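Peer 1: Handing you this structure, nothing more for now.
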Amino acid sequence: MTHSVLASDLSPKEKYFYLIGGIGPRPIAFVSTISRDEIPNLAPFSFFNAFSSNPPVVIFSPARSSNPEKPFKDTYTNLVETKECVVQMVSYEMREQMKLCAQDLDADINEFDISGLTQIPSDIVKAPRVKESPFQMECKLLEMKQLGDQPGAGNLAICEVLKFHVDESVFKPGSQRIDPQAIDLIGRNGEHYYTRASGDAIFEI
Ligand SMILES: Cc1cc2nc3c(=O)[nH]c(=O)nc-3n(C[C@H](O)[C@H](O)[C@H](O)COP(=O)(O)O)c2cc1C
C-alpha cells in the first residue's frame, strides 16, 4: 500500500519530516561566515548540494526560523551583509563538534569556541576556515533567493566557489582524485540519523 497525500493537506511539520526522512543521506555544508562586527559564525546545513561545476556553484538553505523575534539565522544575516562564506565538508571525525554548532546561540557567540574546532584564516574571503575539515571552499554569494515568508521557508544561498582547499591525505595515491574512504564524509538522514560514507557503505558501479 502506498500512502499518497497532497502537500497542501500536510502541516509544515509533516512536510518537513517527509522531506528530511525521504531525501537522504544529504551532504552537509558546514558554513563559516563573519558578522559586520567581525564575529565568526559556524553552522551546518543539509539542504545543500553542488549545482554547477563551471562556474563552480553550491547552494545551501538557511531557512526562516519559527522564532518571530529572530526569523533569520546568523548565517543568513552574515551572508547578506558580507556576501562571503566558506563551505566545508564534515568528516566522521568532526561529527560531534559539527552538532555542537547547530545550537541556537546568540549572534555574539563564536561557534569555533563552543566546538573546539580550529579557526584558520582564508586566502580570499574574510570568513575563517575550519582547519579540521578535509575539504573547504571559499565562496562569494551570487544571490540569496527567498522562497517564502513563513517559518520553514528556505532561503537559497547561491554561492560561487572561488578557491578549493583539499587535505592532500584524501587524494588517491599519485593523483588529485578524492578517495571516499579517505575523506570519510558524513551525511544527514531524517530525525537524528546520519550516514557514514565509507567502509561497506561505498560501492562501485
Ligand atoms: C546536520 C544538520 C543539518 C542542518 N541543516 C539545516 C538546513 O539545511 N537549514 C537550516 O535552516 N538549518 C539546518 N540545521 C539547523 C542549523 O544548523 C541551526 O539552526 C543553526 O543553529 C543555525 O546557526 P546560525 O544561526 O548560527 O546560522 C541543521 C542542523 C544539523 C545538525
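How things are named: the first chain in the C-alpha cells is A, the next is B, and so on; residues count from 1 in each chain; ligands count from 1 in the order shown.
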Name the residues, by chain letter and number, that sit within 6 Å of ligand 1 using only C-alpha atoms and all ligand atoms, and give them as number ranges by chain.
Peer 2: A: 41-47, 61-63, 73-75, 99, 102-104, 188
Peer 1: Report as CSV: every residue of segment 53-109 of chain A with an atom at most 10 Å from segment 163-183 of chain A, its closest pair of atoms, and their distance in Å to one decimal, counting only C-alpha atoms, with rows sorted by chain and ascending residue number.
Peer 2:
```
residue,atom,partner,partner_atom,distance
A:Pro56,CA,A:Lys163,CA,9.7
A:Val86,CA,A:Lys163,CA,9.4
A:Val87,CA,A:Phe164,CA,9.7
A:Gln88,CA,A:His165,CA,9.2
A:Met89,CA,A:Ile183,CA,9.3
A:Val90,CA,A:Ile183,CA,9.0
A:Ser91,CA,A:Ile183,CA,6.6
A:Tyr92,CA,A:Ile183,CA,8.7
```
Peer 1: As JSON, numbers by chain, please: the residues near Asp108 of chain A (cut-off 10 Å, only C-alpha atoms, same-chain neighbours under 5 positions excluded).
Peer 2: {"A": [35, 37, 38, 39, 40, 41, 74]}
Peer 1: Put those residues in a file: N, CA and C atoms, as a tab-separated table (two decimals), in the first residue's frame.
Peer 2:
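Contents of result-v5.tsv, freshly written:
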```tsv
chain	number	residue	atom	x	y	z
A	35	SER	N	30.42	38.22	10.95
A	35	SER	CA	29.42	39.28	11.05
A	35	SER	C	30.06	40.62	10.70
A	37	ASP	N	30.39	42.92	12.69
A	37	ASP	CA	31.25	43.23	13.84
A	37	ASP	C	32.44	42.28	13.94
A	38	GLU	N	32.64	41.48	12.88
A	38	GLU	CA	33.80	40.58	12.78
A	38	GLU	C	33.75	39.41	13.76
A	39	ILE	N	32.53	38.98	14.14
A	39	ILE	CA	32.41	37.77	14.98
A	39	ILE	C	32.17	36.58	14.05
A	40	PRO	N	33.06	35.57	14.10
A	40	PRO	CA	32.88	34.41	13.24
A	40	PRO	C	31.66	33.58	13.65
A	41	ASN	N	31.08	32.89	12.69
A	41	ASN	CA	29.92	32.04	12.92
A	41	ASN	C	30.09	30.75	12.12
A	74	ASP	N	21.84	33.38	11.89
A	74	ASP	CA	23.03	34.24	11.82
A	74	ASP	C	23.75	34.05	10.47
```
Peer 1: Residues near Gly21 of chain A, anyone? I mean within 9 Å using only C-alpha atoms, not counting same-chain ones fewer than 4 positions away, as a PyMOL selection string.
Peer 2: chain A and resi 16-17+25+189-191
Peer 1: Those residues you just picked out, can you put them in a file as a PDB file, in the first residue's frame with N, CA and C atoms?
Peer 2:
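Result went into part_12.pdb, see below:
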```pdb
ATOM      1  N   TYR A  16       8.041  18.825   6.586  1.00  0.00           N
ATOM      2  CA  TYR A  16       9.462  18.814   6.966  1.00  0.00           C
ATOM      3  C   TYR A  16       9.934  17.381   7.211  1.00  0.00           C
ATOM      4  N   PHE A  17       9.129  16.590   7.982  1.00  0.00           N
ATOM      5  CA  PHE A  17       9.596  15.235   8.301  1.00  0.00           C
ATOM      6  C   PHE A  17       9.579  14.313   7.083  1.00  0.00           C
ATOM      7  N   PRO A  25      20.838   9.963   2.198  1.00  0.00           N
ATOM      8  CA  PRO A  25      21.528  10.927   3.043  1.00  0.00           C
ATOM      9  C   PRO A  25      21.855  12.204   2.275  1.00  0.00           C
ATOM     10  N   ASN A 189      20.429  12.043   7.528  1.00  0.00           N
ATOM     11  CA  ASN A 189      19.157  11.405   7.174  1.00  0.00           C
ATOM     12  C   ASN A 189      18.064  12.101   8.002  1.00  0.00           C
ATOM     13  N   GLY A 190      16.926  11.457   8.203  1.00  0.00           N
ATOM     14  CA  GLY A 190      15.851  12.085   8.969  1.00  0.00           C
ATOM     15  C   GLY A 190      16.150  12.085  10.459  1.00  0.00           C
ATOM     16  N   GLU A 191      15.373  12.867  11.173  1.00  0.00           N
ATOM     17  CA  GLU A 191      15.479  12.969  12.641  1.00  0.00           C
ATOM     18  C   GLU A 191      16.939  13.062  13.081  1.00  0.00           C
TER      19      GLU A 191
END
```
Peer 1: Name all residues at most 7 Å from Leu156 of chain A (count only C-alpha atoms; drop same-chain ones fewer than 3 positions away) and give them as a PDB file with C-alpha atoms, in the first residue's frame.
Peer 2:
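To be explicit, this is the file written out as part.pdb:
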```
ATOM      1  CA  ILE A  59      23.625  26.173  -2.879  1.00  0.00           C
ATOM      2  CA  PHE A  60      22.512  25.715   0.708  1.00  0.00           C
ATOM      3  CA  SER A  61      19.456  26.934   2.551  1.00  0.00           C
ATOM      4  CA  MET A 144      20.077  34.997  -1.866  1.00  0.00           C
ATOM      5  CA  LYS A 145      16.699  33.775  -3.077  1.00  0.00           C
ATOM      6  CA  GLN A 146      13.879  33.794  -0.531  1.00  0.00           C
TER       7      GLN A 146
END
```
Peer 1: Find the residue from A:Tyr76, A:Tyr193, A:Phe135, A:Phe203 that sits nearest to Gly24 of chain A; use only C-alpha atoms when measuring.
Peer 2: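 Counting only C-alpha atoms, the residue closest to Gly24 of chain A is A:Tyr193.
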Peer 1: Report, in Å with one decimal, the straight-line distance from atom CA of Ile158 of chain A to atom CA of Gly22 of chain A.
Peer 2: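 For atom CA of Ile158 of chain A relative to atom CA of Gly22 of chain A, the distance reads 23.7 Å.
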Peer 1: Could you go through segment 8-109 of chain A and tell me which residues DSSP, when run on the backbone, assigns to strand (DSSP E or B), listing them as a PyMOL selection string?
Peer 2: chain A and resi 26-27+29-34+40-45+48-53+56-60+84-88+91
Peer 1: Could you give me, as a PyMOL selection string, the residues within 6 Å of segment 113-121 of chain A, counting only C-alpha atoms and dropping anything in the same chain fewer than 2 positions from it?
Peer 2: chain A and resi 97+100+110-111+128-131
Peer 1: Between A:Ile34, A:Ala197, A:Ala153, A:Ala127, which has the minimum distance to Ser65 of chain A (counting only C-alpha atoms)?
Peer 2: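 Going through A:Ile34, A:Ala197, A:Ala153, A:Ala127 one by one, the smallest distance to Ser65 of chain A is for A:Ala153.
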Peer 1: Which residue, A:Leu185, A:Cys85, A:Ala107, A:Cys101, has the smallest gap to Cys139 of chain A when you use only C-alpha atoms?
Peer 2: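 Of A:Leu185, A:Cys85, A:Ala107, A:Cys101, the one nearest Cys139 of chain A, counting only C-alpha atoms, is A:Cys85.
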Peer 1: Enumerate, as a PyMOL selection string, the complete set of residues in segment 56-94 of chain A that a backbone-based DSSP assignment places in alpha helix (DSSP H).
Peer 2: chain A and resi 74-82
Peer 1: Would you save the residues from that selection as a compact mmCIF listing (two decimals), in the first residue's frame, using N, CA and C atoms?
Peer 2:
```
# COMPACT_ATOMS: atom_id res chain seq x y z
N ASP A 74 21.84 33.38 11.89
CA ASP A 74 23.03 34.24 11.82
C ASP A 74 23.75 34.05 10.47
N THR A 75 23.78 32.83 9.98
CA THR A 75 24.45 32.57 8.70
C THR A 75 23.82 33.41 7.59
N TYR A 76 22.47 33.44 7.57
CA TYR A 76 21.75 34.22 6.57
C TYR A 76 22.13 35.70 6.68
N THR A 77 22.04 36.23 7.89
CA THR A 77 22.29 37.66 8.10
C THR A 77 23.72 38.02 7.70
N ASN A 78 24.68 37.20 8.15
CA ASN A 78 26.08 37.49 7.83
C ASN A 78 26.33 37.45 6.33
N LEU A 79 25.72 36.45 5.67
CA LEU A 79 25.93 36.32 4.23
C LEU A 79 25.37 37.50 3.46
N VAL A 80 24.16 37.92 3.85
CA VAL A 80 23.54 39.04 3.15
C VAL A 80 24.36 40.31 3.36
N GLU A 81 24.93 40.44 4.57
CA GLU A 81 25.69 41.65 4.87
C GLU A 81 27.09 41.65 4.26
N THR A 82 27.74 40.48 4.24
CA THR A 82 29.16 40.46 3.82
C THR A 82 29.38 39.83 2.44
```
Peer 1: Got a sec: who's within 12 Å of Ala7 of chain A, counting only C-alpha atoms, leaving out chain neighbours fewer than 5 positions off, as a list in words?
Peer 2: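 Result of the neighbour search: Pro12, Lys13, Glu14, Lys15, Tyr16, Tyr18 and Leu19 of chain A.
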Peer 1: Those residues with N, CA and C atoms, as a PDB file, in the first residue's frame please?
Peer 2:
```pdb
ATOM      1  N   PRO A  12       3.103  22.104   8.258  1.00  0.00           N
ATOM      2  CA  PRO A  12       4.517  22.401   7.999  1.00  0.00           C
ATOM      3  C   PRO A  12       5.441  21.332   8.586  1.00  0.00           C
ATOM      4  N   LYS A  13       5.130  20.844   9.800  1.00  0.00           N
ATOM      5  CA  LYS A  13       5.974  19.830  10.446  1.00  0.00           C
ATOM      6  C   LYS A  13       5.972  18.525   9.653  1.00  0.00           C
ATOM      7  N   GLU A  14       4.763  18.103   9.181  1.00  0.00           N
ATOM      8  CA  GLU A  14       4.668  16.851   8.411  1.00  0.00           C
ATOM      9  C   GLU A  14       5.465  16.959   7.108  1.00  0.00           C
ATOM     10  N   LYS A  15       5.378  18.108   6.445  1.00  0.00           N
ATOM     11  CA  LYS A  15       6.143  18.295   5.190  1.00  0.00           C
ATOM     12  C   LYS A  15       7.632  18.199   5.488  1.00  0.00           C
ATOM     13  N   TYR A  16       8.041  18.825   6.586  1.00  0.00           N
ATOM     14  CA  TYR A  16       9.462  18.814   6.966  1.00  0.00           C
ATOM     15  C   TYR A  16       9.934  17.381   7.211  1.00  0.00           C
ATOM     16  N   TYR A  18       8.624  14.510   6.144  1.00  0.00           N
ATOM     17  CA  TYR A  18       8.686  13.725   4.891  1.00  0.00           C
ATOM     18  C   TYR A  18       9.978  14.055   4.129  1.00  0.00           C
ATOM     19  N   LEU A  19      10.256  15.345   4.001  1.00  0.00           N
ATOM     20  CA  LEU A  19      11.428  15.745   3.201  1.00  0.00           C
ATOM     21  C   LEU A  19      12.733  15.249   3.823  1.00  0.00           C
TER      22      LEU A  19
END
```
Peer 1: For Val161 of chain A, which of A:Asp106, A:Glu132, A:Glu84, A:Glu96 is the closest residue, counting only C-alpha atoms?
Peer 2: A:Glu84
